[in-house]
file my_file12.csv (CSV, C-alpha atoms (C1' of nucleotides))
chain,number,residue,atom,x,y,z
F,20,MET,CA,0.0,0.0,0.0
F,21,GLY,CA,1.6,3.2,-1.2
F,22,ALA,CA,2.1,6.3,0.9
F,23,ASN,CA,-1.0,8.2,0.1
F,24,LEU,CA,-3.2,5.7,-1.7
F,25,LEU,CA,-6.3,4.1,-0.8
F,26,ASP,CA,-7.0,0.5,-1.7
F,27,LYS,CA,-10.5,-1.1,-2.0
F,28,THR,CA,-10.6,-2.1,1.6
F,29,ASP,CA,-9.9,1.5,2.7
F,30,VAL,CA,-12.7,2.8,0.4
F,31,LYS,CA,-15.1,0.2,1.8
F,32,ILE,CA,-14.3,1.3,5.3
F,33,LEU,CA,-14.8,5.0,4.3
F,34,SER,CA,-18.1,4.1,2.7
F,35,LEU,CA,-19.3,2.4,5.9
F,36,LEU,CA,-18.1,5.2,8.2
F,37,GLN,CA,-19.7,8.0,6.2
F,38,ARG,CA,-22.9,6.1,6.3
F,39,ASP,CA,-22.8,5.4,10.1
F,40,ALA,CA,-19.9,6.2,12.3
F,41,SER,CA,-21.5,4.7,15.4
F,42,VAL,CA,-20.9,1.1,14.5
F,43,ALA,CA,-18.3,-0.8,16.5
F,44,LEU,CA,-14.9,-1.3,15.0
F,45,THR,CA,-15.5,-5.1,15.4
F,46,GLU,CA,-18.4,-4.9,13.0
F,47,ILE,CA,-16.6,-2.8,10.4
F,48,ALA,CA,-13.7,-5.1,10.6
F,49,GLU,CA,-16.0,-8.1,10.0
F,50,GLN,CA,-17.6,-6.4,7.0
F,51,VAL,CA,-14.3,-5.9,5.3
F,52,ASN,CA,-12.9,-9.3,6.3
F,53,LEU,CA,-10.3,-8.0,8.7
F,54,THR,CA,-9.7,-8.3,12.4
F,55,THR,CA,-10.0,-5.1,14.6
F,56,THR,CA,-6.3,-4.2,14.7
F,57,PRO,CA,-5.5,-3.7,10.9
F,58,CYS,CA,-8.9,-2.2,10.5
F,59,TRP,CA,-8.2,0.3,13.3
F,60,LYS,CA,-4.8,1.1,11.9
F,61,ARG,CA,-6.3,1.8,8.5
F,62,ILE,CA,-8.9,4.2,10.1
F,63,ASN,CA,-6.2,5.8,12.1
F,64,ARG,CA,-4.0,6.3,9.0
F,65,MET,CA,-6.9,7.8,7.1
F,66,GLN,CA,-7.5,10.2,10.0
F,67,GLN,CA,-3.9,11.3,9.9
F,68,MET,CA,-4.0,11.7,6.2
F,69,GLY,CA,-7.1,13.9,6.5
F,70,VAL,CA,-9.3,11.7,4.3
F,71,ILE,CA,-11.5,11.3,7.4
F,72,ARG,CA,-12.0,14.9,8.5
F,73,ARG,CA,-14.2,14.5,11.5
F,74,GLN,CA,-17.0,12.6,13.2
F,75,VAL,CA,-20.2,14.5,13.8
F,76,ALA,CA,-23.8,14.0,14.9
F,77,LEU,CA,-26.4,15.1,12.4
F,78,LEU,CA,-29.4,16.8,14.0
F,79,ASP,CA,-32.9,17.0,12.7
F,80,ALA,CA,-33.7,20.6,11.6
F,81,ALA,CA,-37.5,20.2,12.0
F,82,HIS,CA,-37.2,19.3,15.7
F,83,LEU,CA,-35.2,22.4,16.2
F,84,LYS,CA,-37.8,24.5,14.3
F,85,LEU,CA,-35.2,25.4,11.6
F,86,ASP,CA,-37.8,25.2,8.9
F,87,LEU,CA,-36.5,27.7,6.3
F,88,ILE,CA,-33.7,27.0,3.8
F,89,ALA,CA,-32.7,29.8,1.4
F,90,MET,CA,-30.3,29.9,-1.4
F,91,VAL,CA,-28.8,33.4,-1.5
F,92,GLN,CA,-27.0,34.5,-4.6
F,93,LEU,CA,-24.6,37.5,-4.5
F,94,LYS,CA,-22.9,39.8,-6.9
F,95,THR,CA,-20.2,42.2,-6.1
F,96,GLN,CA,-17.9,44.6,-7.8
F,97,GLN,CA,-15.2,44.2,-5.2
F,98,HIS,CA,-12.6,41.7,-6.2
F,99,SER,CA,-9.6,42.7,-4.1
F,100,ARG,CA,-7.9,40.2,-1.8
F,101,GLN,CA,-8.7,42.4,1.1
F,102,TRP,CA,-12.4,42.4,0.4
F,103,PHE,CA,-12.5,38.7,-0.2
F,104,ASN,CA,-10.7,38.0,3.2
F,105,ASP,CA,-13.2,40.1,5.0
F,106,PHE,CA,-16.1,38.5,3.2
F,107,LEU,CA,-14.8,35.0,4.1
F,108,LEU,CA,-14.4,36.0,7.8
F,109,GLN,CA,-18.0,37.3,7.9
F,110,ILE,CA,-19.4,34.2,6.1
F,111,LYS,CA,-17.6,31.9,8.5
F,112,ASP,CA,-18.9,33.9,11.4
F,113,LEU,CA,-22.5,33.8,10.3
F,114,GLU,CA,-23.8,30.5,11.7
F,115,GLU,CA,-26.9,30.6,9.5
F,116,VAL,CA,-24.7,30.1,6.5
F,117,MET,CA,-24.1,26.4,6.3
F,118,GLU,CA,-22.5,26.4,2.8
F,119,CYS,CA,-20.9,29.0,0.6
F,120,TYR,CA,-19.5,28.7,-2.8
F,121,ARG,CA,-17.6,31.1,-5.2
F,122,MET,CA,-19.3,30.5,-8.4
F,123,ALA,CA,-18.5,30.6,-12.1
F,124,GLY,CA,-21.3,32.3,-14.1
F,125,GLU,CA,-23.7,35.1,-13.5
F,126,TYR,CA,-23.5,35.3,-9.7
F,127,ASP,CA,-20.3,35.5,-7.8
F,128,TYR,CA,-21.3,33.7,-4.6
F,129,MET,CA,-24.0,31.3,-3.5
F,130,LEU,CA,-25.0,30.7,0.1
F,131,LYS,CA,-27.1,28.0,1.7
F,132,VAL,CA,-28.8,29.6,4.6
F,133,VAL,CA,-30.8,27.8,7.4
F,134,VAL,CA,-33.1,29.7,9.7
F,135,GLN,CA,-36.2,29.3,11.7
F,136,ASP,CA,-38.7,31.3,9.6
F,137,MET,CA,-39.1,34.3,7.3
F,138,ARG,CA,-38.8,36.6,10.3
F,139,SER,CA,-35.4,35.2,11.2
F,140,PHE,CA,-34.4,35.2,7.5
F,141,ASP,CA,-35.1,38.9,7.4
F,142,ALA,CA,-32.9,39.4,10.4
F,143,PHE,CA,-30.2,37.4,8.8
F,144,TYR,CA,-30.5,39.4,5.5
F,145,LYS,CA,-30.1,42.7,7.4
F,146,LYS,CA,-27.1,41.3,9.2
F,147,LEU,CA,-25.6,40.1,6.0
F,148,VAL,CA,-25.9,43.4,4.1
F,149,SER,CA,-24.8,45.4,7.0
F,150,ARG,CA,-21.7,43.3,7.6
F,151,VAL,CA,-20.7,42.7,4.0
F,152,THR,CA,-20.1,45.9,2.1
F,153,GLY,CA,-19.9,46.2,-1.7
F,154,LEU,CA,-22.7,43.8,-2.7
F,155,THR,CA,-24.4,45.0,-5.9
F,156,GLU,CA,-27.1,42.3,-5.9
F,157,VAL,CA,-28.6,39.9,-3.4
F,158,THR,CA,-31.1,37.4,-4.7
F,159,SER,CA,-32.8,34.9,-2.4
F,160,SER,CA,-34.7,31.7,-3.4
F,161,PHE,CA,-36.5,29.7,-0.9
F,162,ALA,CA,-36.7,25.9,-0.6
F,163,MET,CA,-40.3,24.6,-0.1
F,164,GLU,CA,-39.1,21.1,0.6
F,165,GLN,CA,-35.8,19.3,1.1
F,166,LEU,CA,-36.0,16.2,-1.0
F,167,LYS,CA,-32.5,14.9,-0.3
F,168,TYR,CA,-29.7,15.7,2.1
F,169,THR,CA,-26.7,13.5,2.5
F,170,THR,CA,-23.1,14.0,3.7
F,171,GLU,CA,-22.1,10.8,1.9
F,172,LEU,CA,-19.7,11.5,-0.9
F,173,PRO,CA,-20.1,9.4,-4.0
F,174,LEU,CA,-17.5,6.7,-3.8
F,175,SER,CA,-18.7,4.3,-6.5
F,176,ALA,CA,-16.0,5.4,-8.9
F,177,TYR,CA,-13.6,3.6,-6.5
F,178,SER,CA,-15.3,0.2,-6.2
Y,20,MET,CA,-38.5,18.8,31.4
Y,21,GLY,CA,-41.6,18.3,29.2
Y,22,ALA,CA,-42.2,15.4,27.0
Y,23,ASN,CA,-40.8,16.7,23.8
Y,24,LEU,CA,-38.9,19.8,24.8
Y,25,LEU,CA,-35.3,20.6,25.0
Y,26,ASP,CA,-33.8,22.5,27.8
Y,27,LYS,CA,-30.6,24.5,27.7
Y,28,THR,CA,-28.5,21.6,28.8
Y,29,ASP,CA,-29.9,19.5,26.0
Y,30,VAL,CA,-29.1,22.2,23.5
Y,31,LYS,CA,-25.6,22.5,24.8
Y,32,ILE,CA,-25.1,18.7,24.4
Y,33,LEU,CA,-26.4,18.9,20.9
Y,34,SER,CA,-24.1,21.7,20.1
Y,35,LEU,CA,-21.1,19.7,21.3
Y,36,LEU,CA,-22.1,16.6,19.5
Y,37,GLN,CA,-22.8,18.2,16.1
Y,38,ARG,CA,-19.3,19.8,16.4
Y,39,ASP,CA,-17.5,16.6,17.3
Y,40,ALA,CA,-19.2,13.3,18.0
Y,41,SER,CA,-16.0,11.4,18.8
Y,42,VAL,CA,-15.6,13.0,22.3
Y,43,ALA,CA,-16.1,10.7,25.3
Y,44,LEU,CA,-19.3,10.9,27.2
Y,45,THR,CA,-17.3,11.7,30.3
Y,46,GLU,CA,-16.1,14.9,28.7
Y,47,ILE,CA,-19.4,16.0,27.4
Y,48,ALA,CA,-20.9,15.4,30.8
Y,49,GLU,CA,-18.2,17.5,32.4
Y,50,GLN,CA,-18.8,20.4,30.0
Y,51,VAL,CA,-22.4,20.6,30.9
Y,52,ASN,CA,-21.9,20.0,34.6
Y,53,LEU,CA,-23.4,16.6,34.8
Y,54,THR,CA,-22.2,13.1,35.6
Y,55,THR,CA,-22.2,10.5,32.9
Y,56,THR,CA,-25.5,8.9,33.8
Y,57,PRO,CA,-27.9,11.8,33.4
Y,58,CYS,CA,-25.9,13.0,30.4
Y,59,TRP,CA,-26.1,9.6,28.7
Y,60,LYS,CA,-29.9,9.5,29.4
Y,61,ARG,CA,-30.4,12.8,27.7
Y,62,ILE,CA,-28.5,11.8,24.7
Y,63,ASN,CA,-30.4,8.5,24.5
Y,64,ARG,CA,-33.7,10.3,24.8
Y,65,MET,CA,-32.7,12.7,22.0
Y,66,GLN,CA,-31.8,9.8,19.8
Y,67,GLN,CA,-35.2,8.2,20.5
Y,68,MET,CA,-37.0,11.5,19.8
Y,69,GLY,CA,-35.1,11.8,16.5
Y,70,VAL,CA,-33.4,15.1,17.3
Y,71,ILE,CA,-30.1,13.3,16.9
Y,72,ARG,CA,-30.6,11.6,13.5
Y,73,ARG,CA,-27.3,9.8,13.1
Y,74,GLN,CA,-23.6,9.9,13.6
Y,75,VAL,CA,-21.4,10.0,10.5
Y,76,ALA,CA,-17.8,10.5,9.4
Y,77,LEU,CA,-17.2,13.5,7.2
Y,78,LEU,CA,-14.7,12.7,4.4
Y,79,ASP,CA,-12.4,15.1,2.5
Y,80,ALA,CA,-13.6,15.5,-1.1
Y,81,ALA,CA,-10.2,16.6,-2.4
Y,82,HIS,CA,-8.5,13.5,-1.1
Y,83,LEU,CA,-11.1,11.5,-3.1
Y,84,LYS,CA,-10.6,13.6,-6.2
Y,85,LEU,CA,-14.2,14.8,-6.0
Y,86,ASP,CA,-13.2,18.3,-7.2
Y,87,LEU,CA,-16.3,19.5,-9.0
Y,88,ILE,CA,-19.4,20.9,-7.3
Y,89,ALA,CA,-22.3,21.9,-9.5
Y,90,MET,CA,-25.6,23.5,-8.7
Y,91,VAL,CA,-28.2,22.2,-11.2
Y,92,GLN,CA,-31.5,24.0,-11.6
Y,93,LEU,CA,-34.4,22.3,-13.2
Y,94,LYS,CA,-37.7,23.3,-14.7
Y,95,THR,CA,-40.5,20.9,-15.6
Y,96,GLN,CA,-44.0,21.0,-16.8
Y,97,GLN,CA,-44.9,17.7,-15.1
Y,98,HIS,CA,-46.5,18.3,-11.8
Y,99,SER,CA,-48.4,15.1,-11.2
Y,100,ARG,CA,-47.9,13.0,-8.1
Y,101,GLN,CA,-46.7,10.1,-10.2
Y,102,TRP,CA,-44.0,12.2,-11.9
Y,103,PHE,CA,-42.9,13.6,-8.6
Y,104,ASN,CA,-42.6,10.2,-7.0
Y,105,ASP,CA,-40.5,8.9,-9.9
Y,106,PHE,CA,-38.3,12.0,-9.8
Y,107,LEU,CA,-37.7,11.6,-6.1
Y,108,LEU,CA,-36.8,7.9,-6.6
Y,109,GLN,CA,-34.3,8.8,-9.3
Y,110,ILE,CA,-32.7,11.7,-7.3
Y,111,LYS,CA,-32.3,9.4,-4.2
Y,112,ASP,CA,-30.7,6.8,-6.4
Y,113,LEU,CA,-28.2,9.2,-8.0
Y,114,GLU,CA,-25.3,9.2,-5.5
Y,115,GLU,CA,-23.8,12.3,-7.2
Y,116,VAL,CA,-26.8,14.3,-5.9
Y,117,MET,CA,-25.9,15.2,-2.4
Y,118,GLU,CA,-28.8,17.7,-1.9
Y,119,CYS,CA,-32.0,18.4,-3.6
Y,120,TYR,CA,-34.6,21.1,-2.9
Y,121,ARG,CA,-38.0,21.9,-4.4
Y,122,MET,CA,-37.9,25.6,-4.8
Y,123,ALA,CA,-40.2,28.5,-4.8
Y,124,GLY,CA,-39.4,30.9,-7.7
Y,125,GLU,CA,-38.2,30.6,-11.2
Y,126,TYR,CA,-36.8,27.1,-11.1
Y,127,ASP,CA,-38.7,24.1,-9.7
Y,128,TYR,CA,-35.8,22.1,-8.3
Y,129,MET,CA,-32.2,22.7,-7.3
Y,130,LEU,CA,-29.6,20.0,-7.0
Y,131,LYS,CA,-26.1,20.1,-5.5
Y,132,VAL,CA,-24.1,17.6,-7.4
Y,133,VAL,CA,-20.6,16.4,-6.5
Y,134,VAL,CA,-18.4,14.6,-9.1
Y,135,GLN,CA,-14.7,14.1,-9.9
Y,136,ASP,CA,-14.4,16.4,-12.9
Y,137,MET,CA,-16.2,17.9,-16.0
Y,138,ARG,CA,-16.0,14.5,-17.7
Y,139,SER,CA,-17.9,12.9,-14.9
Y,140,PHE,CA,-20.3,15.8,-14.7
Y,141,ASP,CA,-21.1,15.2,-18.4
Y,142,ALA,CA,-21.8,11.5,-17.7
Y,143,PHE,CA,-24.0,12.5,-14.7
Y,144,TYR,CA,-25.9,15.1,-16.9
Y,145,LYS,CA,-26.6,12.5,-19.5
Y,146,LYS,CA,-27.7,10.0,-16.9
Y,147,LEU,CA,-30.0,12.6,-15.3
Y,148,VAL,CA,-31.8,13.7,-18.5
Y,149,SER,CA,-32.2,10.1,-19.6
Y,150,ARG,CA,-33.6,8.9,-16.3
Y,151,VAL,CA,-35.8,11.9,-15.6
Y,152,THR,CA,-38.3,12.7,-18.3
Y,153,GLY,CA,-40.3,15.9,-18.7
Y,154,LEU,CA,-37.6,18.4,-17.9
Y,155,THR,CA,-38.0,21.6,-19.8
Y,156,GLU,CA,-34.9,23.3,-18.6
Y,157,VAL,CA,-31.6,22.2,-17.0
Y,158,THR,CA,-29.1,24.9,-16.0
Y,159,SER,CA,-25.8,24.1,-14.3
Y,160,SER,CA,-23.6,26.5,-12.4
Y,161,PHE,CA,-20.2,25.4,-11.2
Y,162,ALA,CA,-18.5,26.2,-8.0
Y,163,MET,CA,-14.9,27.4,-8.3
Y,164,GLU,CA,-14.3,27.2,-4.6
Y,165,GLN,CA,-16.0,25.9,-1.5
Y,166,LEU,CA,-15.7,28.7,1.1
Y,167,LYS,CA,-17.7,27.1,3.8
Y,168,TYR,CA,-19.3,23.7,4.4
Y,169,THR,CA,-20.7,22.7,7.8
Y,170,THR,CA,-23.3,20.2,9.0
Y,171,GLU,CA,-23.8,22.2,12.2
Y,172,LEU,CA,-27.2,23.7,12.5
Y,173,PRO,CA,-27.5,27.2,13.9
Y,174,LEU,CA,-28.5,26.7,17.5
Y,175,SER,CA,-27.8,30.1,19.0
Y,176,ALA,CA,-31.5,31.0,19.0
Y,177,TYR,CA,-31.8,28.5,21.9
Y,178,SER,CA,-29.0,29.7,24.1
T,25,DG,C1',-26.4,10.2,40.6
T,26,DA,C1',-23.0,6.1,42.0
T,27,DT,C1',-21.5,1.6,40.9
T,28,DG,C1',-19.8,-2.0,38.3
T,29,DA,C1',-20.1,-5.6,34.6
T,30,DA,C1',-19.8,-6.0,29.8
T,31,DA,C1',-18.4,-4.2,25.5
T,32,DC,C1',-15.1,-1.7,23.2
T,33,DA,C1',-10.8,0.6,21.4
T,34,DT,C1',-6.0,0.5,21.7
T,35,DC,C1',-1.5,-1.2,21.5
T,36,DA,C1',2.6,-4.7,21.8
T,37,DA,C1',4.7,-8.7,20.3
T,38,DG,C1',5.0,-11.9,17.1
T,39,DA,C1',3.0,-14.9,12.9
T,40,DT,C1',2.1,-15.1,8.0
T,41,DC,C1',2.3,-14.3,3.3
Q,25,DG,C1',8.5,-5.8,4.2
Q,26,DA,C1',4.1,-4.9,4.5
Q,27,DT,C1',-0.1,-6.7,6.4
Q,28,DC,C1',-2.3,-9.7,9.6
Q,29,DT,C1',-3.6,-12.4,14.4
Q,30,DT,C1',-3.6,-13.0,19.1
Q,31,DG,C1',-4.0,-11.5,23.5
Q,32,DA,C1',-3.3,-8.1,27.3
Q,33,DT,C1',-4.6,-3.4,28.9
Q,34,DG,C1',-7.0,0.6,29.6
Q,35,DT,C1',-11.3,3.2,28.5
Q,36,DT,C1',-16.2,3.8,27.6
Q,37,DT,C1',-20.8,2.6,27.5
Q,38,DC,C1',-24.8,1.6,29.8
Q,39,DA,C1',-28.2,-1.3,33.0
Q,40,DT,C1',-29.1,-1.9,37.9
Q,41,DC,C1',-29.5,0.0,41.9
call {"tool": "encode", "arguments": {"input": "my_file12.csv", "output": "structure tokens"}}
result
Amino acid sequence: MGANLLDKTDVKILSLLQRDASVALTEIAEQVNLTTTPCWKRINRMQQMGVIRRQVALLDAAHLKLDLIAMVQLKTQQHSRQWFNDFLLQIKDLEEVMECYRMAGEYDYMLKVVVQDMRSFDAFYKKLVSRVTGLTEVTSSFAMEQLKYTTELPLSAYS
Amino acid sequence: MGANLLDKTDVKILSLLQRDASVALTEIAEQVNLTTTPCWKRINRMQQMGVIRRQVALLDAAHLKLDLIAMVQLKTQQHSRQWFNDFLLQIKDLEEVMECYRMAGEYDYMLKVVVQDMRSFDAFYKKLVSRVTGLTEVTSSFAMEQLKYTTELPLSAYS
DNA sequence: GATGAAACATCAAGATC
DNA sequence: GATCTTGATGTTTCATC
């Protein structure tokens, strides 16, 4: 096994862990036809490498009354390094922003924003435009229903 | 503590777990000024309630060469229950689709798609339009950079 | 909320291919 | 020479009290 490569057993382990990280090592080992030690060493190695970033609990948004998901698209005329760094800091600090992408195409940035309701969204919107200067356009689209949400990366290319 | 309600200690536990689910119960208990037993009972209860949905490992896309994120917006003239059910099944089956929303506004659906490169995206695109009939418009925007990605829901409203 | 038994992860030493 | 097995040790979970 080369320095930074993943073999099929590694990918199988990743696939199991990104589906359910609460299963016991014993069972993962069993599923990949290994005993616990080598399986544990592989997981450890992949954590060191950074392939496995972290282990988290996924919560249910509805139970927490976080019922509104918005996609916010931004345009700006500011493209300096300074502006970008400030923007990045603000975005990271705004906990309502769960995802943010710099886009190719018409809009410069796209944000996925999660809040309780329209009232909270309005508060978020005001906070955003007051903290981030130089925005020339802010367009929000609202999700009526979440049809799919997964944190599992597509790994079938590796199997 | 009411039947389905969460107190501040519960929210604190949730906040810790959605940040890092690998920490020992002992430490979580310590952080919320509880001993292990009551803390464990709270976590257990929140799992039963469904507030805690699951525990997963988050993988690093770059290590797996999944370097292309696309936002795909769809329009359709099909709005029957039958069509929607078929659409939903296809979307759930397409592992490249990590998120999917039914939207208010100009486009009917928005998909977040993760693939290795433009070549794989093209393969995905062909698969999508061949499997899902009745699409009148398919517009893809590509992310040049992921500035933020978190699975942590915003809980500050509760603290 | 304390206790302790059972389950589990971790690690060392050595076997196997 | 990397990858595995066994078994011993320390840690964590979780049911009973």
call {"tool": "closest_atom_pairs", "arguments": {"input": "my_file12.csv", "of": "chain Y", "to": "chain T", "cutoff": "9 Å", "atoms": "all atoms listed in the file", "output": "JSON lines"}}
result
{"residue": "Y:Thr54", "atom": "CA", "partner": "T:DG25", "partner_atom": "C1'", "distance": 7.1}
{"residue": "Y:Thr55", "atom": "CA", "partner": "T:DG25", "partner_atom": "C1'", "distance": 8.8}
{"residue": "Y:Thr56", "atom": "CA", "partner": "T:DG25", "partner_atom": "C1'", "distance": 7.0}
{"residue": "Y:Pro57", "atom": "CA", "partner": "T:DG25", "partner_atom": "C1'", "distance": 7.5}
call {"tool": "interface_residues", "arguments": {"input": "my_file12.csv", "of": "chain Q", "to": "chain F", "cutoff": "12 Å", "atoms": "only C-alpha atoms (C1' of nucleotides)", "output": "number ranges by chain"}}
result
Q: 25-31, 37
call {"tool": "interface_residues", "arguments": {"input": "my_file12.csv", "of": "chain Y", "to": "chain F", "cutoff": "7 Å", "atoms": "only C-alpha atoms", "output": "JSON, numbers by chain"}}
result
{"Y": [36, 37, 38, 39, 40, 41, 69, 70, 71, 72, 73, 74, 75, 76, 77, 78, 79, 82, 111, 114, 115, 117, 118, 119, 120, 121, 122, 123, 124, 160, 161, 162, 163, 164, 165, 166, 167, 168, 169, 170, 173]}
call {"tool": "atom_distance", "arguments": {"input": "my_file12.csv", "atom1": "CA of Lys94 in chain Y", "atom2": "CA of Thr158 in chain Y"}}
result
8.8 Å
call {"tool": "atom_distance", "arguments": {"input": "my_file12.csv", "atom1": "CA of Asp136 in chain Y", "atom2": "CA of Ser178 in chain F"}}
result
17.6 Å
call {"tool": "atom_distance", "arguments": {"input": "my_file12.csv", "atom1": "CA of Leu147 in chain F", "atom2": "CA of Gln109 in chain F"}}
result
8.3 Å
call {"tool": "residues_around", "arguments": {"input": "my_file12.csv", "residues": "Gln97 in chain F", "least_positions_apart": "3", "cutoff": "10 Å", "atoms": "all atoms listed in the file", "output": "list in words"}}
result
Lys94, Arg100, Gln101, Trp102, Phe103, Thr152, Gly153, Leu154 and Thr155 of chain F
